[in-house]
Amino acid sequence: MKYMLSRVADSVYWMSRYIERAENVARFVDVNQQLLLDQPDAEDTQWAPLVAITGDTELFEERYGAPTRASVVRFLLFDREYGNSVVTCLRSARENARGVREIISREMWEELNRAYLLVTDAARNPDPVVEDPDTFLRAVKDACHQFVGTMLVTMTHNDAWNFMRMGRVLERADKTSRIVDVKYFTLLPTAADVGTPIDELQWAGLLRSASALEMYRKRYGRISPQRVVEFLLLDPKFPRAAHYCVHLAEASLHAITGGRPGAASNPAERHIGRLRAELEYAEVEDIVQVGLHEWVDAFQTKLNKVGDAVHDTFFALDPVGAGAASDEQ
Amino acid sequence: MPQGSPSGAHLPHGVIDDRVAFEDYALDGFYDEMFVGPGVPRPGCERLAERLAELDPAELTLRQRAAELAMLNIGITFNVYGDTAGTEKIFPFDVVPRVVPAAEWAVLERGLKQRIEALNLFVDDIYHDQKILEDGVVPRHIVETSKSYLPACQGLNPPRGVWIHVTGTDLVRGGDGQYHVLEDNLRCPSGVSYVLENRAIMKRTFPKVFEKAHVRPVHTYPSKLLETLEVLSPNAGDPTVVVLTPGVYNSAYFEHSFLAQQMGIELVEGRDLVVDGGFVKMRTTQGLKRVDVIYRRIDDTFIDPKAFRPDSLLGVPGIMEVYRAGRVALANAPGPGVADDKVVYAFVPEIIRYYLDQDAIIPNVPTWLCEREDDQRYVLEHLDELVVKAAGESGGYGMLIGPASTKAEQAEFAEKIRANPRNYIAQPTLQLSRAPTLVDGHLEGRHVDLRPYILYGDQIHVNPGGLTRVALKKGSLVVNSSQGGGSKDTWVLAEDNS
């Protein structure tokens, strides 16, 4: 492909980000559920951290007041007015896809359409899901995986494909770091519980929510907090690890521009090159020293800069809403 | 007619329960597209009738549902205006195809070519010397008061003098089976994507019925369209052709996207294009790229806020200047809508005679012009029998169907006609032909029309097929998708003696 429309690049990038976001918000709910199941006397207050990691606490409190299990699950999965709920993410993904139907494969559109119908159907009668979200969360995860798999095997790996992959992995890097952050916010019953079986159970639950438990075991065997953090943030080969994601985003970016690592030709390449190098040479001890939460916070800021630079370099366009005026006969 | 006994011409009597029973199929005095009499198929329809008769009606229904579900999943949908939720609906598909015998098609093809040729000459004349107005064949004031007449197009010279590159002419048949042209649709005729998708779904769901039916293929349309567009290019090199859409909220967005995909070209919105250095360019990830030909699916007056409607957000400011300078081609050219005006329509037979010195091969529907005093009197006295249409509207909007209207609606139209007679025409309520249609598990006659698609580039090409629209509501004469219509696959036969 010689070139592509900026609007189209923007749409496929965001379509892909929104699908990944939907999947990860489902994972958020799952991770919290897992963490709390291991704490028999968990209370509703334990759902507050989940809202905190979305960064949308204010909006939540305005709409729901104090966080309870039911209100948080409803907010994250089904709130149509919340821009990052699963249902809204899939609607946004589909809206973006509608504008690029001729760019993506028919099978991809069908998968996305199916995922959208799955979630909107559930949103119509949310109570059973709020009561027991497990099956639904699994279905959302599967639907998103099916989309990504379909994309992998039905679409030419051209610029559009690379914009999609870049959107997906940048989103995933951000969300994996937030999943790690959940643990920071989740209080153990007492300070003395750090390093106890409960602590270990929670870390295992975290890995499971990131579909990382088995792969972690192969790499490190025993659960240790530092190794879990290392695996989820710094592993160069695990597909949900922040480092791997940033590496892939850089590869896609270079595939689009024809550039190569070490020779940045635009701000997007510069920002992402710097971040990738940082992750490549980081050691988990550094993270612990800075403080996990602080490190994750700084990492997200850098990712945002990459996102902004991608926007400025490729998409920058004044958005104009298209109305319905035509004389279709 | 075939030698010997035409197969299937006589269906087995005492049709068994699990067969599609054509003997119960009532013609009700209408011209039927498939049958001449109860259980007796028209020449050319024998094989289809025979194949259908072998099917279990329950299976037919099942396949119909499968076809519709496929359409929903694929997203072959249209958007409903005035529905803020952005609801998408499928255009209902009827599995029983409509057959057009080869001999009938040959006449239609000649008639459509004749008509497009004449209308194109008319448009070119109107925007140049206006000889036809000078000679008084078409009254000057009718052209000048037409909503779609664009003085800004005066003196434009589109490549090869072709203004009307894509047409979707609406044809109907009356009780005697005679085809008439109902509307010319010279601006942005939609629906061709359904022609192609209906055929694809038909082949998939009914391979047996389709087999050996000698149906002419329709799938060459996108490549023909691309050829038509490419010859317009002002650029000698490999031309860059794009489809311009108003965006995802347009009712025909699926089609815009579909055609771009089938032609392998970019689908752009107005905001993707910009006038730069005297050319039209699109914004890409690698900067601005020149565009040579635009198949635009945006109304004339929205195309350039500088030349026409300043409030249009859909178009490209300055594009008309580039067009005038011959540095970009537009299909269709801006301006032909004037020939779509329903009052101008009434003059098309004279237009054909004027430019080609021929009689119209496909006649018009008789039309009363309300601006003529005698005509108006007649129309006002017969509102309960006639169909009244606003001259500048399309898509089934702004219409009164006399026999189906209330006294209040008639009074409302009478007032409109008196207030603005130039804007109204009336036609007899046609007894549109019917075609067997699957309704609640059995076949019933439903009214249909036919919209073939005509391309005018190097030569005039009529796609052998077209969109058969069917009014699914019992007794309804309105086939528009916006008003409860569905569609059928249209089979133009390669030869009649097969």
# chains A, B, ... in the order shown; residues from 1 in each chain; ligands from 1
>>> residues_around(residues="B:Asp129", least_positions_apart="4", cutoff="10 Å", atoms="only C-alpha atoms", output="PDB file with N, CA, C and O atoms, in the first residue's frame")
ATOM      1  N   ASP B 124     -26.467  18.965 -21.832  1.00  0.00           N
ATOM      2  CA  ASP B 124     -25.357  19.712 -22.435  1.00  0.00           C
ATOM      3  C   ASP B 124     -25.875  20.982 -23.127  1.00  0.00           C
ATOM      4  O   ASP B 124     -25.254  22.045 -23.032  1.00  0.00           O
ATOM      5  N   ASP B 125     -27.017  20.847 -23.783  1.00  0.00           N
ATOM      6  CA  ASP B 125     -27.634  21.992 -24.471  1.00  0.00           C
ATOM      7  C   ASP B 125     -28.085  23.049 -23.450  1.00  0.00           C
ATOM      8  O   ASP B 125     -27.843  24.244 -23.623  1.00  0.00           O
ATOM      9  N   LEU B 133     -34.648  25.345 -25.854  1.00  0.00           N
ATOM     10  CA  LEU B 133     -35.519  26.364 -25.256  1.00  0.00           C
ATOM     11  C   LEU B 133     -35.833  27.430 -26.305  1.00  0.00           C
ATOM     12  O   LEU B 133     -36.975  27.896 -26.408  1.00  0.00           O
ATOM     13  N   GLU B 134     -34.794  27.786 -27.088  1.00  0.00           N
ATOM     14  CA  GLU B 134     -35.002  28.756 -28.176  1.00  0.00           C
ATOM     15  C   GLU B 134     -36.084  28.261 -29.124  1.00  0.00           C
ATOM     16  O   GLU B 134     -36.934  29.034 -29.564  1.00  0.00           O
ATOM     17  N   GLN B 154     -23.427  26.695 -16.116  1.00  0.00           N
ATOM     18  CA  GLN B 154     -23.455  27.229 -17.478  1.00  0.00           C
ATOM     19  C   GLN B 154     -22.039  27.268 -18.055  1.00  0.00           C
ATOM     20  O   GLN B 154     -21.116  27.774 -17.419  1.00  0.00           O
ATOM     21  N   GLY B 155     -21.889  26.702 -19.257  1.00  0.00           N
ATOM     22  CA  GLY B 155     -20.596  26.764 -19.932  1.00  0.00           C
ATOM     23  C   GLY B 155     -19.596  25.698 -19.512  1.00  0.00           C
ATOM     24  O   GLY B 155     -18.475  25.666 -20.018  1.00  0.00           O
TER      25      GLY B 155
END
>>> interface_residues(of="chain B", to="chain A", cutoff="9 Å", atoms="only C-alpha atoms", output="PyMOL selection string")
chain B and resi 73-75+81+168+185-191+245-254+257-262+264-272+282-287+289+297-300+302+312-314+394-395
>>> closest_residue(among="B:Lys407, B:Arg451, B:Lys488, B:Lys131", to="B:Thr437", atoms="only C-alpha atoms")
B:Lys488
>>> select_by_dssp(residues="stretch 73-165 of chain B", states="strand (DSSP E)", output="list in words")
Thr77, Phe78, Asn79, Glu88, Lys89, Ile90, Phe93, Asp94, Val95, Val96, Pro97, Arg98, Val99 and Val100 of chain B
>>> write_last_selection(atoms="all heavy atoms", output="CSV table (one decimal), in the first residue's frame")
chain,number,residue,atom,x,y,z
B,77,THR,N,-27.0,-3.1,5.1
B,77,THR,CA,-28.1,-2.4,5.8
B,77,THR,C,-28.3,-1.0,5.3
B,77,THR,O,-27.4,-0.4,4.7
B,77,THR,CB,-27.9,-2.3,7.3
B,77,THR,OG1,-26.6,-1.7,7.5
B,77,THR,CG2,-27.9,-3.7,7.9
B,78,PHE,N,-29.4,-0.4,5.5
B,78,PHE,CA,-29.5,1.1,5.2
B,78,PHE,C,-29.9,1.8,6.5
B,78,PHE,O,-30.5,1.1,7.4
B,78,PHE,CB,-30.5,1.3,4.1
B,78,PHE,CG,-31.9,1.0,4.4
B,78,PHE,CD1,-32.8,1.9,4.9
B,78,PHE,CD2,-32.4,-0.3,4.1
B,78,PHE,CE1,-34.1,1.6,5.2
B,78,PHE,CE2,-33.7,-0.7,4.4
B,78,PHE,CZ,-34.6,0.3,4.9
B,79,ASN,N,-29.6,3.0,6.7
B,79,ASN,CA,-29.9,3.8,7.8
B,79,ASN,C,-31.3,4.5,7.6
B,79,ASN,O,-31.6,4.8,6.5
B,79,ASN,CB,-28.9,4.9,8.1
B,79,ASN,CG,-27.5,4.2,8.3
B,79,ASN,OD1,-27.4,3.1,8.7
B,79,ASN,ND2,-26.5,5.0,8.0
B,88,GLU,N,-30.1,0.5,12.0
B,88,GLU,CA,-29.8,-0.1,10.7
B,88,GLU,C,-30.8,-1.1,10.4
B,88,GLU,O,-31.1,-1.9,11.3
B,88,GLU,CB,-28.4,-0.7,10.7
B,88,GLU,CG,-27.3,0.3,10.8
B,88,GLU,CD,-26.1,-0.3,11.4
B,88,GLU,OE1,-25.7,-1.3,10.8
B,88,GLU,OE2,-25.5,0.2,12.3
B,89,LYS,N,-31.3,-1.1,9.2
B,89,LYS,CA,-32.3,-2.2,8.8
B,89,LYS,C,-31.8,-2.9,7.6
B,89,LYS,O,-31.1,-2.2,6.8
B,89,LYS,CB,-33.6,-1.5,8.5
B,89,LYS,CG,-34.4,-1.0,9.7
B,89,LYS,CD,-35.8,-0.7,9.3
B,89,LYS,CE,-36.6,-0.3,10.6
B,89,LYS,NZ,-37.9,0.2,10.2
B,90,ILE,N,-32.2,-4.1,7.5
B,90,ILE,CA,-31.8,-4.7,6.2
B,90,ILE,C,-32.9,-4.4,5.2
B,90,ILE,O,-34.1,-4.1,5.6
B,90,ILE,CB,-31.6,-6.3,6.3
B,90,ILE,CG1,-32.9,-6.9,6.7
B,90,ILE,CG2,-30.5,-6.6,7.2
B,90,ILE,CD1,-32.9,-8.4,6.4
B,93,PHE,N,-35.3,-9.1,1.6
B,93,PHE,CA,-34.9,-9.8,0.4
B,93,PHE,C,-36.0,-10.8,0.1
B,93,PHE,O,-36.3,-11.6,1.0
B,93,PHE,CB,-33.5,-10.3,0.5
B,93,PHE,CG,-33.1,-11.2,-0.6
B,93,PHE,CD1,-33.0,-10.7,-1.9
B,93,PHE,CD2,-32.9,-12.6,-0.4
B,93,PHE,CE1,-32.6,-11.5,-3.0
B,93,PHE,CE2,-32.5,-13.4,-1.5
B,93,PHE,CZ,-32.3,-12.9,-2.7
B,94,ASP,N,-36.5,-10.9,-1.1
B,94,ASP,CA,-37.4,-12.0,-1.4
B,94,ASP,C,-36.7,-13.0,-2.3
B,94,ASP,O,-36.1,-12.6,-3.2
B,94,ASP,CB,-38.7,-11.4,-2.1
B,94,ASP,CG,-39.7,-12.6,-2.4
B,94,ASP,OD1,-40.3,-13.1,-1.4
B,94,ASP,OD2,-39.8,-13.0,-3.6
B,95,VAL,N,-36.8,-14.2,-1.9
B,95,VAL,CA,-36.0,-15.3,-2.6
B,95,VAL,C,-36.5,-15.6,-4.0
B,95,VAL,O,-35.8,-16.3,-4.7
B,95,VAL,CB,-35.9,-16.6,-1.7
B,95,VAL,CG1,-35.1,-16.3,-0.5
B,95,VAL,CG2,-37.3,-17.1,-1.4
B,96,VAL,N,-37.7,-15.3,-4.3
B,96,VAL,CA,-38.2,-15.7,-5.6
B,96,VAL,C,-37.8,-14.6,-6.7
B,96,VAL,O,-38.2,-13.5,-6.6
B,96,VAL,CB,-39.8,-15.8,-5.6
B,96,VAL,CG1,-40.3,-16.3,-7.0
B,96,VAL,CG2,-40.3,-16.6,-4.5
B,97,PRO,N,-36.9,-15.1,-7.6
B,97,PRO,CA,-36.4,-14.1,-8.5
B,97,PRO,C,-37.4,-13.6,-9.5
B,97,PRO,O,-38.5,-14.2,-9.7
B,97,PRO,CB,-35.3,-14.8,-9.2
B,97,PRO,CG,-35.6,-16.3,-9.0
B,97,PRO,CD,-36.4,-16.4,-7.8
B,98,ARG,N,-37.1,-12.4,-10.1
B,98,ARG,CA,-38.0,-11.9,-11.2
B,98,ARG,C,-37.3,-12.1,-12.5
B,98,ARG,O,-36.1,-11.8,-12.6
B,98,ARG,CB,-38.2,-10.4,-10.9
B,98,ARG,CG,-39.1,-9.7,-11.8
B,98,ARG,CD,-38.4,-8.9,-12.9
B,98,ARG,NE,-39.4,-8.0,-13.5
B,98,ARG,CZ,-39.7,-6.8,-13.1
B,98,ARG,NH1,-39.0,-6.3,-12.1
B,98,ARG,NH2,-40.6,-6.1,-13.7
B,99,VAL,N,-38.0,-12.7,-13.5
B,99,VAL,CA,-37.3,-13.1,-14.7
B,99,VAL,C,-37.7,-12.0,-15.8
B,99,VAL,O,-38.8,-11.6,-16.0
B,99,VAL,CB,-37.8,-14.5,-15.2
B,99,VAL,CG1,-37.3,-14.8,-16.6
B,99,VAL,CG2,-37.4,-15.5,-14.2
B,100,VAL,N,-36.6,-11.6,-16.6
B,100,VAL,CA,-36.9,-10.8,-17.7
B,100,VAL,C,-36.4,-11.5,-19.0
B,100,VAL,O,-35.2,-11.8,-19.1
B,100,VAL,CB,-36.1,-9.4,-17.6
B,100,VAL,CG1,-36.4,-8.6,-18.8
B,100,VAL,CG2,-36.5,-8.7,-16.3
>>> closest_residue(among="B:Ala26, B:Ile460, B:Leu69, B:Cys153", to="B:Glu117", atoms="only C-alpha atoms")
B:Ile460
>>> atom_distance(atom1="atom CA of B:Val291", atom2="atom CA of B:Leu330")
10.7 Å
>>> residues_around(residues="stretch 294-308 of chain A", least_positions_apart="2", cutoff="9 Å", atoms="only C-alpha atoms", output="PyMOL selection string")
chain A and resi 167+170-171+173-174+177-178+180-181+246+267-272+275+287-288+290-292+310-313
>>> write_last_selection(atoms="C-alpha atoms", output="compact mmCIF listing (two decimals), in the first residue's frame")
# COMPACT_ATOMS: atom_id res chain seq x y z
CA GLY A 167 -3.37 0.83 18.45
CA LEU A 170 -0.31 0.65 22.92
CA GLU A 171 -3.70 0.17 24.54
CA ALA A 173 0.58 -1.83 27.42
CA ASP A 174 -1.40 0.84 29.25
CA SER A 177 0.21 -1.64 33.73
CA ARG A 178 -3.14 -0.77 35.28
CA VAL A 180 -0.57 -4.48 37.97
CA ASP A 181 -1.65 -1.30 39.69
CA VAL A 246 5.88 -1.24 23.19
CA PRO A 267 8.22 12.67 17.03
CA ALA A 268 6.25 9.42 17.23
CA GLU A 269 9.34 7.39 16.45
CA ARG A 270 11.42 9.40 18.91
CA HIS A 271 9.01 8.96 21.81
CA ILE A 272 8.45 5.30 21.25
CA LEU A 275 10.31 4.28 25.84
CA ILE A 287 10.74 -0.18 39.67
CA VAL A 288 10.56 -1.26 43.28
CA VAL A 290 10.77 4.22 42.51
CA GLY A 291 7.63 2.60 43.86
CA LEU A 292 5.38 0.44 41.73
CA VAL A 310 1.12 9.29 16.55
CA HIS A 311 -1.95 11.48 16.30
CA ASP A 312 0.00 14.59 15.33
CA THR A 313 2.17 12.76 12.83
>>> atom_distance(atom1="atom CA of B:Gly237", atom2="atom CA of A:Gly258")
25.7 Å
>>> residues_around(residues="B:Pro92", least_positions_apart="3", cutoff="10 Å", atoms="only C-alpha atoms", output="list in words")
Gln64, Ala67, Glu68, Met71, Thr77, Lys89, Val95, Arg469, Val470, Leu472, Ser481, Gly484, Gly485, Gly486, Ser487 and Lys488 of chain B
>>> write_last_selection(atoms="N, CA and C atoms", output="PDB file, in the first residue's frame")
ATOM      1  N   GLN B  64     -35.083 -18.248   3.090  1.00  0.00           N
ATOM      2  CA  GLN B  64     -35.297 -16.803   3.086  1.00  0.00           C
ATOM      3  C   GLN B  64     -34.712 -16.204   4.366  1.00  0.00           C
ATOM      4  N   ALA B  67     -30.995 -16.166   4.322  1.00  0.00           N
ATOM      5  CA  ALA B  67     -30.503 -15.091   3.457  1.00  0.00           C
ATOM      6  C   ALA B  67     -30.549 -13.761   4.200  1.00  0.00           C
ATOM      7  N   GLU B  68     -31.635 -13.526   4.932  1.00  0.00           N
ATOM      8  CA  GLU B  68     -31.769 -12.255   5.636  1.00  0.00           C
ATOM      9  C   GLU B  68     -30.778 -12.141   6.796  1.00  0.00           C
ATOM     10  N   MET B  71     -27.505 -11.218   5.521  1.00  0.00           N
ATOM     11  CA  MET B  71     -27.436  -9.790   5.209  1.00  0.00           C
ATOM     12  C   MET B  71     -27.201  -8.958   6.464  1.00  0.00           C
ATOM     13  N   THR B  77     -27.049  -3.070   5.127  1.00  0.00           N
ATOM     14  CA  THR B  77     -28.147  -2.388   5.777  1.00  0.00           C
ATOM     15  C   THR B  77     -28.259  -0.969   5.270  1.00  0.00           C
ATOM     16  N   LYS B  89     -31.348  -1.106   9.203  1.00  0.00           N
ATOM     17  CA  LYS B  89     -32.290  -2.150   8.830  1.00  0.00           C
ATOM     18  C   LYS B  89     -31.783  -2.850   7.599  1.00  0.00           C
ATOM     19  N   VAL B  95     -36.842 -14.243  -1.895  1.00  0.00           N
ATOM     20  CA  VAL B  95     -36.022 -15.255  -2.564  1.00  0.00           C
ATOM     21  C   VAL B  95     -36.519 -15.641  -3.954  1.00  0.00           C
ATOM     22  N   ARG B 469     -37.634  -3.937  -7.155  1.00  0.00           N
ATOM     23  CA  ARG B 469     -38.135  -3.606  -5.825  1.00  0.00           C
ATOM     24  C   ARG B 469     -39.563  -4.114  -5.723  1.00  0.00           C
ATOM     25  N   VAL B 470     -39.914  -4.577  -4.546  1.00  0.00           N
ATOM     26  CA  VAL B 470     -41.238  -5.184  -4.371  1.00  0.00           C
ATOM     27  C   VAL B 470     -41.914  -4.564  -3.155  1.00  0.00           C
ATOM     28  N   LEU B 472     -43.891  -5.016  -0.246  1.00  0.00           N
ATOM     29  CA  LEU B 472     -44.203  -6.237   0.502  1.00  0.00           C
ATOM     30  C   LEU B 472     -45.572  -6.212   1.149  1.00  0.00           C
ATOM     31  N   SER B 481     -37.457   1.613  -0.356  1.00  0.00           N
ATOM     32  CA  SER B 481     -36.929   0.951   0.839  1.00  0.00           C
ATOM     33  C   SER B 481     -37.332   1.707   2.092  1.00  0.00           C
ATOM     34  N   GLY B 484     -41.225   0.447   3.330  1.00  0.00           N
ATOM     35  CA  GLY B 484     -41.716  -0.925   3.406  1.00  0.00           C
ATOM     36  C   GLY B 484     -41.494  -1.756   2.147  1.00  0.00           C
ATOM     37  N   GLY B 485     -40.549  -1.358   1.325  1.00  0.00           N
ATOM     38  CA  GLY B 485     -40.252  -2.155   0.142  1.00  0.00           C
ATOM     39  C   GLY B 485     -39.162  -3.174   0.416  1.00  0.00           C
ATOM     40  N   GLY B 486     -39.099  -4.181  -0.451  1.00  0.00           N
ATOM     41  CA  GLY B 486     -38.028  -5.151  -0.378  1.00  0.00           C
ATOM     42  C   GLY B 486     -37.440  -5.289  -1.767  1.00  0.00           C
ATOM     43  N   SER B 487     -36.596  -6.293  -1.960  1.00  0.00           N
ATOM     44  CA  SER B 487     -36.038  -6.448  -3.300  1.00  0.00           C
ATOM     45  C   SER B 487     -35.928  -7.911  -3.685  1.00  0.00           C
ATOM     46  N   LYS B 488     -35.746  -8.130  -4.980  1.00  0.00           N
ATOM     47  CA  LYS B 488     -35.617  -9.477  -5.539  1.00  0.00           C
ATOM     48  C   LYS B 488     -34.415  -9.503  -6.469  1.00  0.00           C
TER      49      LYS B 488
END
>>> select_by_dssp(residues="stretch 122-159 of chain B", states="helix (DSSP H, G or I)", output="PDB file with N, CA, C and O atoms, in the first residue's frame")
ATOM      1  N   PHE B 122     -29.539  16.859 -23.967  1.00  0.00           N
ATOM      2  CA  PHE B 122     -30.401  17.907 -23.404  1.00  0.00           C
ATOM      3  C   PHE B 122     -29.652  18.703 -22.331  1.00  0.00           C
ATOM      4  O   PHE B 122     -29.608  19.933 -22.362  1.00  0.00           O
ATOM      5  N   VAL B 123     -29.032  17.983 -21.397  1.00  0.00           N
ATOM      6  CA  VAL B 123     -28.322  18.661 -20.308  1.00  0.00           C
ATOM      7  C   VAL B 123     -27.192  19.521 -20.874  1.00  0.00           C
ATOM      8  O   VAL B 123     -27.004  20.677 -20.473  1.00  0.00           O
ATOM      9  N   ASP B 124     -26.467  18.965 -21.832  1.00  0.00           N
ATOM     10  CA  ASP B 124     -25.357  19.712 -22.435  1.00  0.00           C
ATOM     11  C   ASP B 124     -25.875  20.982 -23.127  1.00  0.00           C
ATOM     12  O   ASP B 124     -25.254  22.045 -23.032  1.00  0.00           O
ATOM     13  N   ASP B 125     -27.017  20.847 -23.783  1.00  0.00           N
ATOM     14  CA  ASP B 125     -27.634  21.992 -24.471  1.00  0.00           C
ATOM     15  C   ASP B 125     -28.085  23.049 -23.450  1.00  0.00           C
ATOM     16  O   ASP B 125     -27.843  24.244 -23.623  1.00  0.00           O
ATOM     17  N   ILE B 126     -28.724  22.594 -22.383  1.00  0.00           N
ATOM     18  CA  ILE B 126     -29.238  23.519 -21.370  1.00  0.00           C
ATOM     19  C   ILE B 126     -28.104  24.353 -20.776  1.00  0.00           C
ATOM     20  O   ILE B 126     -28.257  25.540 -20.532  1.00  0.00           O
ATOM     21  N   LYS B 131     -30.604  25.597 -27.207  1.00  0.00           N
ATOM     22  CA  LYS B 131     -31.348  25.581 -28.480  1.00  0.00           C
ATOM     23  C   LYS B 131     -32.758  25.047 -28.285  1.00  0.00           C
ATOM     24  O   LYS B 131     -33.712  25.557 -28.871  1.00  0.00           O
ATOM     25  N   ILE B 132     -32.881  24.048 -27.451  1.00  0.00           N
ATOM     26  CA  ILE B 132     -34.200  23.423 -27.286  1.00  0.00           C
ATOM     27  C   ILE B 132     -35.187  24.404 -26.644  1.00  0.00           C
ATOM     28  O   ILE B 132     -36.390  24.332 -26.892  1.00  0.00           O
ATOM     29  N   LEU B 133     -34.648  25.345 -25.854  1.00  0.00           N
ATOM     30  CA  LEU B 133     -35.519  26.364 -25.256  1.00  0.00           C
ATOM     31  C   LEU B 133     -35.833  27.430 -26.305  1.00  0.00           C
ATOM     32  O   LEU B 133     -36.975  27.896 -26.408  1.00  0.00           O
ATOM     33  N   GLU B 134     -34.794  27.786 -27.088  1.00  0.00           N
ATOM     34  CA  GLU B 134     -35.002  28.756 -28.176  1.00  0.00           C
ATOM     35  C   GLU B 134     -36.084  28.261 -29.124  1.00  0.00           C
ATOM     36  O   GLU B 134     -36.934  29.034 -29.564  1.00  0.00           O
ATOM     37  N   ARG B 140     -39.011  27.521 -21.559  1.00  0.00           N
ATOM     38  CA  ARG B 140     -37.869  28.076 -20.841  1.00  0.00           C
ATOM     39  C   ARG B 140     -38.120  28.208 -19.337  1.00  0.00           C
ATOM     40  O   ARG B 140     -37.281  27.853 -18.516  1.00  0.00           O
ATOM     41  N   HIS B 141     -39.307  28.692 -18.988  1.00  0.00           N
ATOM     42  CA  HIS B 141     -39.533  28.952 -17.555  1.00  0.00           C
ATOM     43  C   HIS B 141     -39.510  27.665 -16.739  1.00  0.00           C
ATOM     44  O   HIS B 141     -39.164  27.672 -15.560  1.00  0.00           O
ATOM     45  N   ILE B 142     -39.833  26.556 -17.377  1.00  0.00           N
ATOM     46  CA  ILE B 142     -39.818  25.292 -16.629  1.00  0.00           C
ATOM     47  C   ILE B 142     -38.390  24.933 -16.229  1.00  0.00           C
ATOM     48  O   ILE B 142     -38.126  24.553 -15.089  1.00  0.00           O
ATOM     49  N   VAL B 143     -37.485  25.105 -17.153  1.00  0.00           N
ATOM     50  CA  VAL B 143     -36.085  24.819 -16.844  1.00  0.00           C
ATOM     51  C   VAL B 143     -35.562  25.805 -15.808  1.00  0.00           C
ATOM     52  O   VAL B 143     -34.934  25.433 -14.817  1.00  0.00           O
ATOM     53  N   GLU B 144     -35.871  27.075 -16.037  1.00  0.00           N
ATOM     54  CA  GLU B 144     -35.290  28.088 -15.157  1.00  0.00           C
ATOM     55  C   GLU B 144     -35.875  28.075 -13.746  1.00  0.00           C
ATOM     56  O   GLU B 144     -35.235  28.570 -12.814  1.00  0.00           O
ATOM     57  N   PRO B 151     -27.464  27.409 -12.529  1.00  0.00           N
ATOM     58  CA  PRO B 151     -26.848  28.388 -13.433  1.00  0.00           C
ATOM     59  C   PRO B 151     -25.318  28.371 -13.332  1.00  0.00           C
ATOM     60  O   PRO B 151     -24.630  28.684 -14.305  1.00  0.00           O
ATOM     61  N   ALA B 152     -24.809  27.978 -12.165  1.00  0.00           N
ATOM     62  CA  ALA B 152     -23.351  27.938 -11.986  1.00  0.00           C
ATOM     63  C   ALA B 152     -22.683  26.949 -12.937  1.00  0.00           C
ATOM     64  O   ALA B 152     -21.469  26.978 -13.125  1.00  0.00           O
ATOM     65  N   CYS B 153     -23.485  26.042 -13.527  1.00  0.00           N
ATOM     66  CA  CYS B 153     -22.904  25.036 -14.423  1.00  0.00           C
ATOM     67  C   CYS B 153     -22.862  25.512 -15.871  1.00  0.00           C
ATOM     68  O   CYS B 153     -22.369  24.798 -16.747  1.00  0.00           O
ATOM     69  N   PRO B 159     -15.606  16.171 -19.583  1.00  0.00           N
ATOM     70  CA  PRO B 159     -14.881  15.370 -20.565  1.00  0.00           C
ATOM     71  C   PRO B 159     -15.841  14.645 -21.512  1.00  0.00           C
ATOM     72  O   PRO B 159     -16.829  14.062 -21.057  1.00  0.00           O
TER      73      PRO B 159
END
>>> closest_residue(among="B:Ala419, B:Leu112, B:Val479, B:Leu55", to="B:Arg446", atoms="only C-alpha atoms")
B:Val479
